[in-house]
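**Q** One file is attached below, protein_5.pdb, containing PDB, C-alpha atoms.
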```pdb
MODEL        1
ATOM      1  CA  MET K   1     -30.217  27.899   3.450
ATOM      2  CA  THR K   2     -27.224  26.238   1.773
ATOM      3  CA  LEU K   3     -25.128  23.228   2.726
ATOM      4  CA  LEU K   4     -22.553  25.591   4.213
ATOM      5  CA  ASP K   5     -25.120  26.615   6.838
ATOM      6  CA  GLU K   6     -26.415  23.159   7.782
ATOM      7  CA  HIS K   7     -23.614  21.545   9.836
ATOM      8  CA  ASN K   8     -25.056  18.058   9.331
ATOM      9  CA  ILE K   9     -23.870  16.658   6.001
ATOM     10  CA  SER K  10     -23.530  12.874   6.025
ATOM     11  CA  PRO K  11     -21.025  11.842   3.335
ATOM     12  CA  MET K  12     -21.937   9.811   0.271
ATOM     13  CA  LEU K  13     -21.008   6.131   0.700
ATOM     14  CA  ALA K  14     -19.816   3.407  -1.655
ATOM     15  CA  LYS K  15     -20.693  -0.200  -2.401
ATOM     16  CA  THR K  16     -18.120  -2.961  -2.978
ATOM     17  CA  SER K  17     -17.069  -4.257  -6.391
ATOM     18  CA  ASP K  18     -14.396  -6.287  -8.137
ATOM     19  CA  PRO K  19     -11.920  -4.303 -10.280
ATOM     20  CA  PHE K  20     -13.238  -3.310 -13.731
ATOM     21  CA  ASP K  21     -12.557  -1.020 -16.687
ATOM     22  CA  SER K  22     -15.029   1.650 -17.774
ATOM     23  CA  LYS K  23     -14.775   5.022 -19.489
ATOM     24  CA  ASP K  24     -17.779   6.059 -17.377
ATOM     25  CA  TYR K  25     -15.747   6.003 -14.135
ATOM     26  CA  TYR K  26     -12.880   7.862 -12.495
ATOM     27  CA  PHE K  27     -10.455   5.702 -10.485
ATOM     28  CA  GLU K  28      -8.477   7.076  -7.541
ATOM     29  CA  PRO K  29      -6.641   5.661  -4.492
ATOM     30  CA  LYS K  30      -8.689   4.520  -1.514
ATOM     31  CA  TRP K  31      -7.230   6.628   1.267
ATOM     32  CA  ASP K  32      -7.067   4.722   4.554
ATOM     33  CA  GLY K  33      -8.095   7.362   7.063
ATOM     34  CA  MET K  34     -11.091   9.117   8.611
ATOM     35  CA  ARG K  35     -13.822  10.516   6.362
ATOM     36  CA  CYS K  36     -14.262  14.238   6.891
ATOM     37  CA  ILE K  37     -16.542  17.006   5.625
ATOM     38  CA  ALA K  38     -14.653  20.325   5.811
ATOM     39  CA  TYR K  39     -16.539  23.643   6.071
ATOM     40  CA  PHE K  40     -14.625  26.809   5.131
ATOM     41  CA  ARG K  41     -15.975  30.208   6.164
ATOM     42  CA  GLY K  42     -13.332  32.805   5.434
ATOM     43  CA  ARG K  43     -10.151  31.608   7.145
ATOM     44  CA  LYS K  44     -12.136  29.575   9.674
ATOM     45  CA  ILE K  45     -12.462  25.816   9.130
ATOM     46  CA  GLU K  46     -14.665  23.192  10.777
ATOM     47  CA  LEU K  47     -13.938  19.465  10.425
ATOM     48  CA  GLN K  48     -16.787  16.992  10.873
ATOM     49  CA  ASN K  49     -16.534  13.185  10.728
ATOM     50  CA  ARG K  50     -19.166  10.866   9.267
ATOM     51  CA  ASN K  51     -20.908  10.639  12.642
ATOM     52  CA  LEU K  52     -21.353  14.443  12.515
ATOM     53  CA  THR K  53     -18.851  14.965  15.348
ATOM     54  CA  ASP K  54     -16.722  18.121  15.292
ATOM     55  CA  MET K  55     -13.063  17.032  15.062
ATOM     56  CA  THR K  56     -11.496  20.468  14.518
ATOM     57  CA  ARG K  57      -9.681  20.752  17.851
ATOM     58  CA  THR K  58      -8.256  17.223  17.480
ATOM     59  CA  TYR K  59      -6.276  18.237  14.384
ATOM     60  CA  PRO K  60      -4.993  21.800  15.006
ATOM     61  CA  GLU K  61      -2.435  21.491  12.195
ATOM     62  CA  LEU K  62      -5.312  21.379   9.687
ATOM     63  CA  THR K  63      -6.661  24.798  10.684
ATOM     64  CA  ILE K  64      -4.173  26.430   8.284
ATOM     65  CA  ILE K  65      -5.305  24.581   5.147
ATOM     66  CA  SER K  66      -7.743  27.389   4.363
ATOM     67  CA  GLU K  67      -4.665  29.191   3.022
ATOM     68  CA  ASN K  68      -4.634  26.631   0.179
ATOM     69  CA  VAL K  69      -8.309  27.102  -0.698
ATOM     70  CA  LYS K  70      -8.980  29.954  -3.134
ATOM     71  CA  SER K  71     -12.441  30.767  -1.843
ATOM     72  CA  ASN K  72     -13.989  31.952   1.405
ATOM     73  CA  ARG K  73     -17.150  29.823   1.312
ATOM     74  CA  VAL K  74     -16.579  26.139   0.537
ATOM     75  CA  VAL K  75     -17.665  22.668   1.665
ATOM     76  CA  LEU K  76     -15.293  19.825   0.787
ATOM     77  CA  ASP K  77     -15.440  16.064   1.172
ATOM     78  CA  GLY K  78     -12.225  14.226   1.856
ATOM     79  CA  GLU K  79     -10.206  12.017   4.163
ATOM     80  CA  ILE K  80      -7.970  12.841   7.109
ATOM     81  CA  VAL K  81      -4.841  10.683   6.982
ATOM     82  CA  VAL K  82      -1.424  10.453   8.580
ATOM     83  CA  LEU K  83       1.141   9.833   5.874
ATOM     84  CA  LYS K  84       4.245   7.698   6.280
ATOM     85  CA  ASN K  85       6.590   7.531   3.295
ATOM     86  CA  GLY K  86       3.832   9.019   1.172
ATOM     87  CA  LEU K  87       1.219   6.410   2.118
ATOM     88  CA  PRO K  88      -1.619   6.585   4.660
ATOM     89  CA  ASP K  89      -0.804   4.814   7.945
ATOM     90  CA  PHE K  90      -4.054   4.075   9.757
ATOM     91  CA  GLU K  91      -2.337   2.841  12.915
ATOM     92  CA  LEU K  92      -0.646   6.243  13.346
ATOM     93  CA  LEU K  93      -3.952   8.027  12.741
ATOM     94  CA  GLN K  94      -5.754   5.710  15.157
ATOM     95  CA  SER K  95      -3.368   6.687  17.935
ATOM     96  CA  ARG K  96      -4.856  10.190  17.718
ATOM     97  CA  PHE K  97      -8.475   9.067  18.170
ATOM     98  CA  GLY K  98     -10.133   9.972  21.456
ATOM     99  CA  VAL K  99      -7.338  12.277  22.677
ATOM    100  CA  ASP K 100      -8.833  15.237  24.597
ATOM    101  CA  ASN K 101      -5.866  16.703  26.460
ATOM    102  CA  PRO K 102      -4.738  19.889  24.622
ATOM    103  CA  ILE K 103      -1.079  19.325  25.468
ATOM    104  CA  GLN K 104      -1.182  15.763  24.151
ATOM    105  CA  ILE K 105      -3.110  16.876  21.052
ATOM    106  CA  GLY K 106      -0.404  19.435  20.309
ATOM    107  CA  ARG K 107       2.371  16.906  20.836
ATOM    108  CA  LEU K 108       0.729  14.367  18.522
ATOM    109  CA  SER K 109       0.067  17.005  15.852
ATOM    110  CA  ARG K 110       3.825  17.633  15.705
ATOM    111  CA  ARG K 111       4.938  13.990  15.937
ATOM    112  CA  MET K 112       2.417  12.548  13.467
ATOM    113  CA  PRO K 113       0.816  15.452  11.573
ATOM    114  CA  ALA K 114      -2.391  14.870   9.642
ATOM    115  CA  THR K 115      -3.100  15.681   5.995
ATOM    116  CA  TYR K 116      -6.488  16.420   4.456
ATOM    117  CA  ILE K 117      -7.009  14.603   1.132
ATOM    118  CA  ALA K 118      -9.670  16.521  -0.807
ATOM    119  CA  PHE K 119     -11.661  14.564  -3.406
ATOM    120  CA  ASP K 120     -15.019  16.343  -3.799
ATOM    121  CA  ILE K 121     -16.645  19.744  -3.449
ATOM    122  CA  LEU K 122     -20.248  20.181  -2.309
ATOM    123  CA  HIS K 123     -20.583  23.955  -2.057
ATOM    124  CA  LEU K 124     -18.753  26.927  -3.574
ATOM    125  CA  ASP K 125     -19.398  30.637  -2.955
ATOM    126  CA  GLY K 126     -23.102  30.438  -2.151
ATOM    127  CA  GLN K 127     -23.949  27.645  -4.613
ATOM    128  CA  ASP K 128     -24.625  24.014  -3.665
ATOM    129  CA  LEU K 129     -22.989  21.674  -6.189
ATOM    130  CA  VAL K 130     -24.313  18.249  -5.134
ATOM    131  CA  ASN K 131     -26.668  17.952  -8.124
ATOM    132  CA  GLN K 132     -23.922  18.709 -10.645
ATOM    133  CA  PRO K 133     -22.074  15.776 -12.257
ATOM    134  CA  LEU K 134     -18.840  14.635 -10.645
ATOM    135  CA  SER K 135     -16.869  15.786 -13.714
ATOM    136  CA  ASP K 136     -17.979  19.387 -13.098
ATOM    137  CA  ARG K 137     -17.362  19.152  -9.360
ATOM    138  CA  ARG K 138     -13.840  17.819  -9.876
ATOM    139  CA  ARG K 139     -13.072  20.639 -12.343
ATOM    140  CA  LYS K 140     -14.202  23.227  -9.782
ATOM    141  CA  LEU K 141     -12.236  21.459  -7.054
ATOM    142  CA  ARG K 142      -9.026  21.568  -9.115
ATOM    143  CA  GLY K 143      -9.608  25.272  -9.670
ATOM    144  CA  ILE K 144      -9.569  26.237  -5.985
ATOM    145  CA  ILE K 145      -7.179  23.789  -4.276
ATOM    146  CA  THR K 146      -3.407  24.217  -4.075
ATOM    147  CA  ASP K 147      -1.433  21.347  -2.537
ATOM    148  CA  GLY K 148       0.249  22.263   0.720
ATOM    149  CA  ALA K 149       1.921  20.838   3.797
ATOM    150  CA  HIS K 150      -1.392  19.555   5.210
ATOM    151  CA  ILE K 151      -3.731  19.363   2.204
ATOM    152  CA  LEU K 152      -3.528  17.389  -1.036
ATOM    153  CA  LEU K 153      -5.864  17.012  -3.984
ATOM    154  CA  SER K 154      -6.631  13.341  -4.681
ATOM    155  CA  GLN K 155      -5.491  12.367  -8.180
ATOM    156  CA  TYR K 156      -7.365  10.014 -10.501
ATOM    157  CA  ILE K 157      -7.482   8.471 -13.959
ATOM    158  CA  ARG K 158     -10.353   7.467 -16.206
ATOM    159  CA  GLU K 159     -11.330   4.097 -17.715
ATOM    160  CA  LYS K 160      -8.389   1.760 -16.898
ATOM    161  CA  GLY K 161      -9.519   0.550 -13.507
ATOM    162  CA  ARG K 162      -7.948  -2.922 -13.486
ATOM    163  CA  ALA K 163      -4.405  -1.732 -14.189
ATOM    164  CA  TYR K 164      -4.830   1.168 -11.789
ATOM    165  CA  PHE K 165      -6.011  -1.226  -9.072
ATOM    166  CA  THR K 166      -2.983  -3.509  -9.570
ATOM    167  CA  ASN K 167      -0.553  -0.590  -9.427
ATOM    168  CA  ALA K 168      -2.259   0.934  -6.376
ATOM    169  CA  LEU K 169      -1.821  -2.316  -4.423
ATOM    170  CA  LYS K 170       1.844  -2.521  -5.475
ATOM    171  CA  LEU K 171       2.393   0.993  -4.144
ATOM    172  CA  GLY K 172       0.838   0.006  -0.806
ATOM    173  CA  PHE K 173      -2.700   1.432  -0.996
ATOM    174  CA  GLU K 174      -5.506  -0.742   0.395
ATOM    175  CA  GLY K 175      -7.605  -0.404  -2.735
ATOM    176  CA  VAL K 176      -9.200   1.951  -5.243
ATOM    177  CA  MET K 177     -12.374   4.041  -5.428
ATOM    178  CA  ALA K 178     -14.373   4.018  -8.681
ATOM    179  CA  LYS K 179     -16.745   6.971  -9.150
ATOM    180  CA  LYS K 180     -19.151   7.451 -12.028
ATOM    181  CA  VAL K 181     -18.226  10.554 -14.006
ATOM    182  CA  SER K 182     -21.840  11.668 -14.425
ATOM    183  CA  SER K 183     -22.925  11.010 -10.818
ATOM    184  CA  ALA K 184     -24.492  13.550  -8.492
ATOM    185  CA  TYR K 185     -23.403  13.670  -4.847
ATOM    186  CA  GLN K 186     -25.964  11.641  -2.897
ATOM    187  CA  ILE K 187     -25.786  12.865   0.702
ATOM    188  CA  GLY K 188     -25.828  10.025   3.233
ATOM    189  CA  ARG K 189     -26.606   7.352   0.625
ATOM    190  CA  ARG K 190     -24.691   4.228  -0.393
ATOM    191  CA  SER K 191     -24.782   4.045  -4.182
ATOM    192  CA  ASP K 192     -23.551   2.014  -7.159
ATOM    193  CA  ASP K 193     -22.226   5.324  -8.494
ATOM    194  CA  TRP K 194     -19.334   5.028  -6.029
ATOM    195  CA  LEU K 195     -17.610   1.650  -5.662
ATOM    196  CA  LYS K 196     -14.841   0.329  -3.415
ATOM    197  CA  LEU K 197     -12.376  -1.987  -5.149
ATOM    198  CA  LYS K 198     -10.431  -3.948  -2.528
ATOM    199  CA  LYS K 199      -8.235  -7.042  -2.593
ATOM    200  CA  VAL K 200     -10.335  -8.788   0.057
ATOM    201  CA  LYS K 201     -13.961  -8.539   1.044
ATOM    202  CA  THR K 202     -14.604  -6.553   4.204
ATOM    203  CA  ILE K 203     -17.508  -6.094   6.546
ATOM    204  CA  ASP K 204     -18.154  -3.707   9.411
ATOM    205  CA  ALA K 205     -19.101  -5.804  12.429
ATOM    206  CA  ILE K 206     -20.112  -5.063  15.999
ATOM    207  CA  VAL K 207     -17.820  -6.319  18.770
ATOM    208  CA  ALA K 208     -20.257  -8.235  20.981
ATOM    209  CA  GLY K 209     -17.695  -9.850  23.265
ATOM    210  CA  TYR K 210     -14.306 -11.507  23.483
ATOM    211  CA  THR K 211     -12.950 -14.913  24.368
ATOM    212  CA  VAL K 212     -10.659 -15.442  27.345
ATOM    213  CA  GLY K 213      -7.030 -15.458  26.229
ATOM    214  CA  ARG K 214      -4.753 -18.453  26.671
ATOM    215  CA  GLY K 215      -0.975 -18.825  26.665
ATOM    216  CA  SER K 216       0.703 -15.673  25.354
ATOM    217  CA  ARG K 217      -2.761 -14.125  24.979
ATOM    218  CA  SER K 218      -3.753 -14.699  28.612
ATOM    219  CA  PRO K 219      -3.177 -11.042  29.595
ATOM    220  CA  THR K 220      -5.567  -9.886  26.836
ATOM    221  CA  PHE K 221      -8.021 -11.981  24.790
ATOM    222  CA  GLY K 222      -8.132 -14.772  22.249
ATOM    223  CA  ALA K 223     -10.676 -13.488  19.734
ATOM    224  CA  LEU K 224     -13.354 -10.868  19.276
ATOM    225  CA  VAL K 225     -16.932 -12.127  19.038
ATOM    226  CA  LEU K 226     -18.557 -10.449  16.022
ATOM    227  CA  ALA K 227     -22.168  -9.643  15.256
ATOM    228  CA  ALA K 228     -24.300  -7.544  12.902
ATOM    229  CA  TYR K 229     -27.960  -6.689  12.542
ATOM    230  CA  ASP K 230     -30.094  -8.946  10.358
ATOM    231  CA  ALA K 231     -33.066  -7.889   8.211
ATOM    232  CA  TYR K 232     -35.314  -7.938  11.294
ATOM    233  CA  GLY K 233     -33.093  -5.656  13.369
ATOM    234  CA  ARG K 234     -31.747  -8.471  15.564
ATOM    235  CA  LEU K 235     -28.089  -9.056  16.359
ATOM    236  CA  SER K 236     -26.743 -12.114  14.573
ATOM    237  CA  HIS K 237     -23.444 -13.872  15.310
ATOM    238  CA  LEU K 238     -20.958 -13.597  12.400
ATOM    239  CA  GLY K 239     -18.138 -15.619  13.932
ATOM    240  CA  ASN K 240     -14.997 -14.753  15.862
ATOM    241  CA  VAL K 241     -11.798 -13.058  14.714
ATOM    242  CA  GLY K 242      -8.505 -13.938  16.360
ATOM    243  CA  THR K 243      -5.972 -12.808  13.747
ATOM    244  CA  GLY K 244      -4.780  -9.454  12.496
ATOM    245  CA  PHE K 245      -3.650  -8.196  15.901
ATOM    246  CA  THR K 246      -0.283  -6.880  17.031
ATOM    247  CA  ASP K 247       0.897  -6.946  20.642
ATOM    248  CA  THR K 248       0.160  -3.240  20.811
ATOM    249  CA  SER K 249      -3.347  -3.516  19.359
ATOM    250  CA  LEU K 250      -4.203  -6.432  21.670
ATOM    251  CA  LYS K 251      -3.390  -4.320  24.720
ATOM    252  CA  ARG K 252      -5.125  -1.236  23.363
ATOM    253  CA  ILE K 253      -8.319  -3.093  22.424
ATOM    254  CA  MET K 254      -8.373  -4.855  25.790
ATOM    255  CA  GLN K 255      -8.322  -1.439  27.483
ATOM    256  CA  LEU K 256     -11.395  -0.512  25.434
ATOM    257  CA  LEU K 257     -13.222  -3.780  26.157
ATOM    258  CA  LYS K 258     -12.847  -3.899  29.934
ATOM    259  CA  PRO K 259     -15.118  -0.933  30.763
ATOM    260  CA  LEU K 260     -17.768  -2.338  28.387
ATOM    261  CA  GLU K 261     -18.147  -5.748  30.038
ATOM    262  CA  THR K 262     -21.677  -6.814  30.922
ATOM    263  CA  ARG K 263     -23.278  -9.904  32.427
ATOM    264  CA  LYS K 264     -26.044  -9.755  29.841
ATOM    265  CA  LYS K 265     -25.580 -11.992  26.784
ATOM    266  CA  THR K 266     -25.264  -9.574  23.873
ATOM    267  CA  VAL K 267     -26.151 -11.931  21.009
ATOM    268  CA  PRO K 268     -29.227 -14.194  21.140
ATOM    269  CA  GLY K 269     -29.083 -17.866  20.252
ATOM    270  CA  GLU K 270     -26.135 -20.243  20.225
ATOM    271  CA  VAL K 271     -22.698 -18.643  19.938
ATOM    272  CA  LYS K 272     -19.839 -21.042  19.361
ATOM    273  CA  ALA K 273     -16.386 -20.040  20.553
ATOM    274  CA  PRO K 274     -13.141 -21.873  21.419
ATOM    275  CA  ALA K 275     -13.060 -20.426  24.953
ATOM    276  CA  ASP K 276     -15.294 -18.740  27.514
ATOM    277  CA  ILE K 277     -16.890 -15.532  26.309
ATOM    278  CA  ARG K 278     -16.919 -12.220  28.133
ATOM    279  CA  TRP K 279     -19.802 -10.150  26.751
ATOM    280  CA  VAL K 280     -19.508  -6.412  26.165
ATOM    281  CA  ARG K 281     -21.986  -3.682  25.342
ATOM    282  CA  PRO K 282     -22.266  -3.540  21.524
ATOM    283  CA  VAL K 283     -20.726  -0.128  20.889
ATOM    284  CA  LEU K 284     -17.391  -0.883  19.181
ATOM    285  CA  VAL K 285     -17.201  -1.456  15.418
ATOM    286  CA  ALA K 286     -14.489  -3.535  13.732
ATOM    287  CA  GLU K 287     -13.686  -3.705  10.035
ATOM    288  CA  VAL K 288     -12.976  -7.355   9.237
ATOM    289  CA  GLY K 289     -11.575  -8.903   6.078
ATOM    290  CA  TYR K 290     -12.824 -12.317   5.006
ATOM    291  CA  VAL K 291     -12.784 -14.779   2.073
ATOM    292  CA  ASN K 292     -16.520 -15.400   1.846
ATOM    293  CA  MET K 293     -19.630 -16.082   3.920
ATOM    294  CA  THR K 294     -20.432 -19.702   4.820
ATOM    295  CA  HIS K 295     -23.876 -21.258   4.334
ATOM    296  CA  ASP K 296     -24.709 -20.575   7.978
ATOM    297  CA  HIS K 297     -23.781 -16.885   7.603
ATOM    298  CA  LYS K 298     -20.411 -16.985   9.313
ATOM    299  CA  LEU K 299     -17.280 -15.231   8.073
ATOM    300  CA  ARG K 300     -14.730 -17.564   6.505
ATOM    301  CA  ALA K 301     -11.065 -16.825   7.366
ATOM    302  CA  PRO K 302     -11.787 -13.501   9.111
ATOM    303  CA  ARG K 303      -8.938 -11.131   9.893
ATOM    304  CA  LEU K 304      -9.125  -7.852  11.777
ATOM    305  CA  VAL K 305      -8.400  -4.849   9.590
ATOM    306  CA  ARG K 306      -8.983  -2.140  12.187
ATOM    307  CA  LEU K 307     -11.434  -0.698  14.664
ATOM    308  CA  ARG K 308     -13.734   1.917  13.143
ATOM    309  CA  PHE K 309     -14.310   4.767  15.593
ATOM    310  CA  ASP K 310     -15.973   6.767  12.829
ATOM    311  CA  LYS K 311     -18.781   4.234  12.346
ATOM    312  CA  SER K 312     -21.855   3.513  14.408
ATOM    313  CA  PRO K 313     -23.065  -0.001  15.346
ATOM    314  CA  SER K 314     -26.385   0.898  13.705
ATOM    315  CA  GLU K 315     -24.571   0.815  10.334
ATOM    316  CA  CYS K 316     -23.482  -2.825  10.703
ATOM    317  CA  PHE K 317     -25.672  -5.253   8.779
ATOM    318  CA  ALA K 318     -25.167  -8.921   7.960
ATOM    319  CA  LYS K 319     -24.595  -9.344   4.239
TER
ENDMDL
END
```
Is it possible to give me this structure as structure tokens?
**A**
Amino acid sequence: MTLLDEHNISPMLAKTSDPFDSKDYYFEPKWDGMRCIAYFRGRKIELQNRNLTDMTRTYPELTIISENVKSNRVVLDGEIVVLKNGLPDFELLQSRFGVDNPIQIGRLSRRMPATYIAFDILHLDGQDLVNQPLSDRRRKLRGIITDGAHILLSQYIREKGRAYFTNALKLGFEGVMAKKVSSAYQIGRRSDDWLKLKKVKTIDAIVAGYTVGRGSRSPTFGALVLAAYDAYGRLSHLGNVGTGFTDTSLKRIMQLLKPLETRKKTVPGEVKAPADIRWVRPVLVAEVGYVNMTHDHKLRAPRLVRLRFDKSPSECFAK
């Protein structure tokens, strides 16, 4: 059995690093979208997110990208994005999450069409490639992909990571990925062979509750109460995030929080907050930017980056 037959490939993950130069690494844009393993069998395509959920019907415009793949049996790794002025717009992509109505799916696919950014190949014509070095995989990937209306090949350079990082931020990307040229593809593992270079530190945190809103925030909430699992598997309070929201996101997140409310205190121990807390079941994940971690393991100057519907609470650990 090959990877094309398995239907359960968890993507390789990256650790965080400061920008650096190295001839041993490729550097490419960090695409702000939804991670996706794409299975091609003839002209049929199946799209699977990092939680192993089939997303094919959510993005009908991507079913034609097999026309740009010069092989009938392929497994690719990449990112689904919605581009605006040539850059990924996560807010536009997020508006397509959780839509089930076929009519609405079709309308959104025309109004804000998705693009698949291909950056790795795991299987080609009956042969699994995960144990081959990235340099060989990228050569094979370039050989079978033709850019099209809904698929693009991610471009990269070698060695000059610092300058590339600076230019990527100027262009509007959120950061850069650094990938070791000689690295194998490590399914489901987070490795030093792949590194995220970002302008701020980020952490994936569980939304454990929210504080009651005041003033202009009274119809929604003041801050999200954040938590993550510690080394013993217990939820630990990381602090509260009250910035990084738009009026639209406040309303949208509040709609998600209301059905999750519970009388049970989600996080053990003392939880300090500037207003009364409404606890919610710990199922939502938020990506939060921060300056550093304080001595008592709280996030300093946290700011919401986005909700992560492609991540599970079980992946959120206190750093």
**Q** For Ser236 of chain K, work out the shell of residues within 6 Å, counting all atoms listed in the file and skipping chain neighbours fewer than 3 positions away, then give it as a PyMOL selection string.
**A** chain K and resi 227-229
**Q** Convert the output of the PyMOL selection byres ((chain K and resi 160) around 10) on the shown file into explicit residues, formatted as a list in words.
**A**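 Answer for the PyMOL selection byres ((chain K and resi 160) around 10): Pro19, Phe20, Asp21, Ser22, Lys23, Tyr25, Tyr26, Phe27, Ile157, Arg158, Glu159, Gly161, Arg162, Ala163, Tyr164 and Phe165 of chain K.
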**Q** Could you take the residues named above and write them with C-alpha atoms, as a CSV table (one decimal), in the coordinates of the input?
**A**
```csv
chain,number,residue,atom,x,y,z
K,19,PRO,CA,-11.9,-4.3,-10.3
K,20,PHE,CA,-13.2,-3.3,-13.7
K,21,ASP,CA,-12.6,-1.0,-16.7
K,22,SER,CA,-15.0,1.6,-17.8
K,23,LYS,CA,-14.8,5.0,-19.5
K,25,TYR,CA,-15.7,6.0,-14.1
K,26,TYR,CA,-12.9,7.9,-12.5
K,27,PHE,CA,-10.5,5.7,-10.5
K,157,ILE,CA,-7.5,8.5,-14.0
K,158,ARG,CA,-10.4,7.5,-16.2
K,159,GLU,CA,-11.3,4.1,-17.7
K,161,GLY,CA,-9.5,0.6,-13.5
K,162,ARG,CA,-7.9,-2.9,-13.5
K,163,ALA,CA,-4.4,-1.7,-14.2
K,164,TYR,CA,-4.8,1.2,-11.8
K,165,PHE,CA,-6.0,-1.2,-9.1
```
**Q** Show me a table, sorted first by chain and then by increasing residue number, of the residues of segment 51-154 of chain K having an atom at most 9 Å from segment 2-15 of chain K, each with its shortest atom pair and the distance in Å to one decimal, counting all atoms listed in the file and written as JSON lines.
**A**
```
{"residue": "K:Asn51", "atom": "CA", "partner": "K:Ser10", "partner_atom": "CA", "distance": 7.5}
{"residue": "K:Leu52", "atom": "CA", "partner": "K:Asn8", "partner_atom": "CA", "distance": 6.1}
{"residue": "K:Arg73", "atom": "CA", "partner": "K:Leu4", "partner_atom": "CA", "distance": 7.5}
{"residue": "K:Val74", "atom": "CA", "partner": "K:Leu4", "partner_atom": "CA", "distance": 7.0}
{"residue": "K:Val75", "atom": "CA", "partner": "K:Leu4", "partner_atom": "CA", "distance": 6.2}
{"residue": "K:Asp77", "atom": "CA", "partner": "K:Pro11", "partner_atom": "CA", "distance": 7.3}
{"residue": "K:Leu122", "atom": "CA", "partner": "K:Leu3", "partner_atom": "CA", "distance": 7.6}
{"residue": "K:His123", "atom": "CA", "partner": "K:Leu3", "partner_atom": "CA", "distance": 6.6}
{"residue": "K:Leu124", "atom": "CA", "partner": "K:Leu4", "partner_atom": "CA", "distance": 8.8}
{"residue": "K:Gly126", "atom": "CA", "partner": "K:Thr2", "partner_atom": "CA", "distance": 7.1}
{"residue": "K:Gln127", "atom": "CA", "partner": "K:Thr2", "partner_atom": "CA", "distance": 7.3}
{"residue": "K:Asp128", "atom": "CA", "partner": "K:Thr2", "partner_atom": "CA", "distance": 6.4}
```
**Q** Using all atoms listed in the file, find the one residue out of K:Lys84, K:Thr146, K:Ala223, K:Val99 that sits nearest to Glu67 of chain K.
**A**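 For Glu67 of chain K, the nearest of the candidates is K:Thr146.
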**Q** Run the PyMOL selection byres ((chain K and resi 304) around 7) against the file shown and list the residues it catches, as a ChimeraX atom specification.
**A** /K:241,243-245,287-289,302-303,305-306
**Q** From the options K:Leu235, K:Leu62, K:Leu108, K:Leu284, which residue's atoms come nearest to Lys265 of chain K, counting all atoms listed in the file?
**A** K:Leu235
**Q** For a quick check of understanding, using all atoms listed in the file, which of K:Asn292, K:Thr63, K:Thr220, K:Thr246 has the smallest distance to Arg278 of chain K?
**A**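 Of all the options, K:Thr220 lies closest to Arg278 of chain K.
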**Q** From the list K:Leu256, K:Val81, K:Leu226, K:Met293, which residue is nearest Lys272 of chain K when using all atoms listed in the file?
**A** K:Leu226
**Q** Would you mind telling me which residue in K:Leu47, K:Ala273, K:Leu224, K:Leu197 lies nearest to Phe173 of chain K when using only C-alpha atoms?
**A**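 Looking only at the distances to Phe173 of chain K, the closest residue turns out to be K:Leu197.
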**Q** Suppose you want the space between atom CA of Arg35 of chain K and atom CA of Pro259 of chain K; what is it in Å?
**A** 27.0 Å
**Q** From the set K:Gly239, K:Lys311, K:Tyr156, K:Leu299, which residue has the shortest atom-to-atom contact distance to Lys201 of chain K, counting all atoms listed in the file?
**A**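 With all atoms listed in the file as the atom set, the closest residue is K:Leu299.
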**Q** Show which residues sit within 9 Å of Asp193 of chain K, as a list in words. Count all atoms listed in the file, and ignore same-chain residues fewer than 2 positions away.
**A**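 Within the cut-off, the hits are Ala14, Lys15, Tyr25, Ala178, Lys179, Lys180, Val181, Ser182, Ser183, Ala184, Arg190, Ser191 and Leu195 of chain K.
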**Q** Determine, counting only C-alpha atoms, every residue of protein, DNA or RNA that lies within 9 Å of (-7.9, 19.8, 11.1) in the file coordinates, then give the result as a list in words.
**A**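 All residues meeting the 9 Å criterion around (-7.9, 19.8, 11.1) are Ala38, Ile45, Glu46, Leu47, Met55, Thr56, Arg57, Thr58, Tyr59, Pro60, Glu61, Leu62, Thr63, Ile64, Ile65, Ile80, Ala114, Thr115, Tyr116 and His150 of chain K.
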**Q** One decimal, Å: what's the distance from atom CA of Glu91 of chain K over to atom CA of Ile121 of chain K, could you say?
**A**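 The value is 27.5 Å.
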**Q** Measure the distance from atom CA of Asp276 of chain K to atom CA of Glu315 of chain K in Å and round it to one decimal.
**A** 27.6 Å
**Q** Excluding Cys36 of chain K and residues on its chain fewer than 5 positions from it, collect all residues at most 6 Å away from it, counting all atoms listed in the file, and give them as a list in words.
**A** Gln48, Asn49, Gly78 and Glu79 of chain K
**Q** At a cut-off of 9 Å, using only C-alpha atoms, what residues contact Leu152 of chain K? Leave out same-chain residues fewer than 3 positions from it and give the result as number ranges by chain.
**A** K: 115-119, 145-149, 155
**Q** Starting from the incomplete input, reconstruct N, CA and C atoms of segment 2-7 of chain K and write that as a tab-separated table (two decimals), keeping the file's coordinate frame.
**A**
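Once written, part-v3.tsv looks like this:
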```tsv
chain	number	residue	atom	x	y	z
K	2	THR	N	-28.10	27.09	2.58
K	2	THR	CA	-27.22	26.24	1.77
K	2	THR	C	-26.56	25.18	2.64
K	3	LEU	N	-25.84	24.28	1.99
K	3	LEU	CA	-25.13	23.23	2.73
K	3	LEU	C	-24.08	23.80	3.67
K	4	LEU	N	-23.55	24.97	3.34
K	4	LEU	CA	-22.55	25.59	4.21
K	4	LEU	C	-23.15	25.97	5.56
K	5	ASP	N	-24.45	26.18	5.61
K	5	ASP	CA	-25.12	26.62	6.84
K	5	ASP	C	-25.65	25.45	7.68
K	6	GLU	N	-25.67	24.24	7.14
K	6	GLU	CA	-26.42	23.16	7.78
K	6	GLU	C	-25.69	22.44	8.91
K	7	HIS	N	-24.40	22.23	8.79
K	7	HIS	CA	-23.61	21.54	9.84
K	7	HIS	C	-23.98	20.07	10.02
```
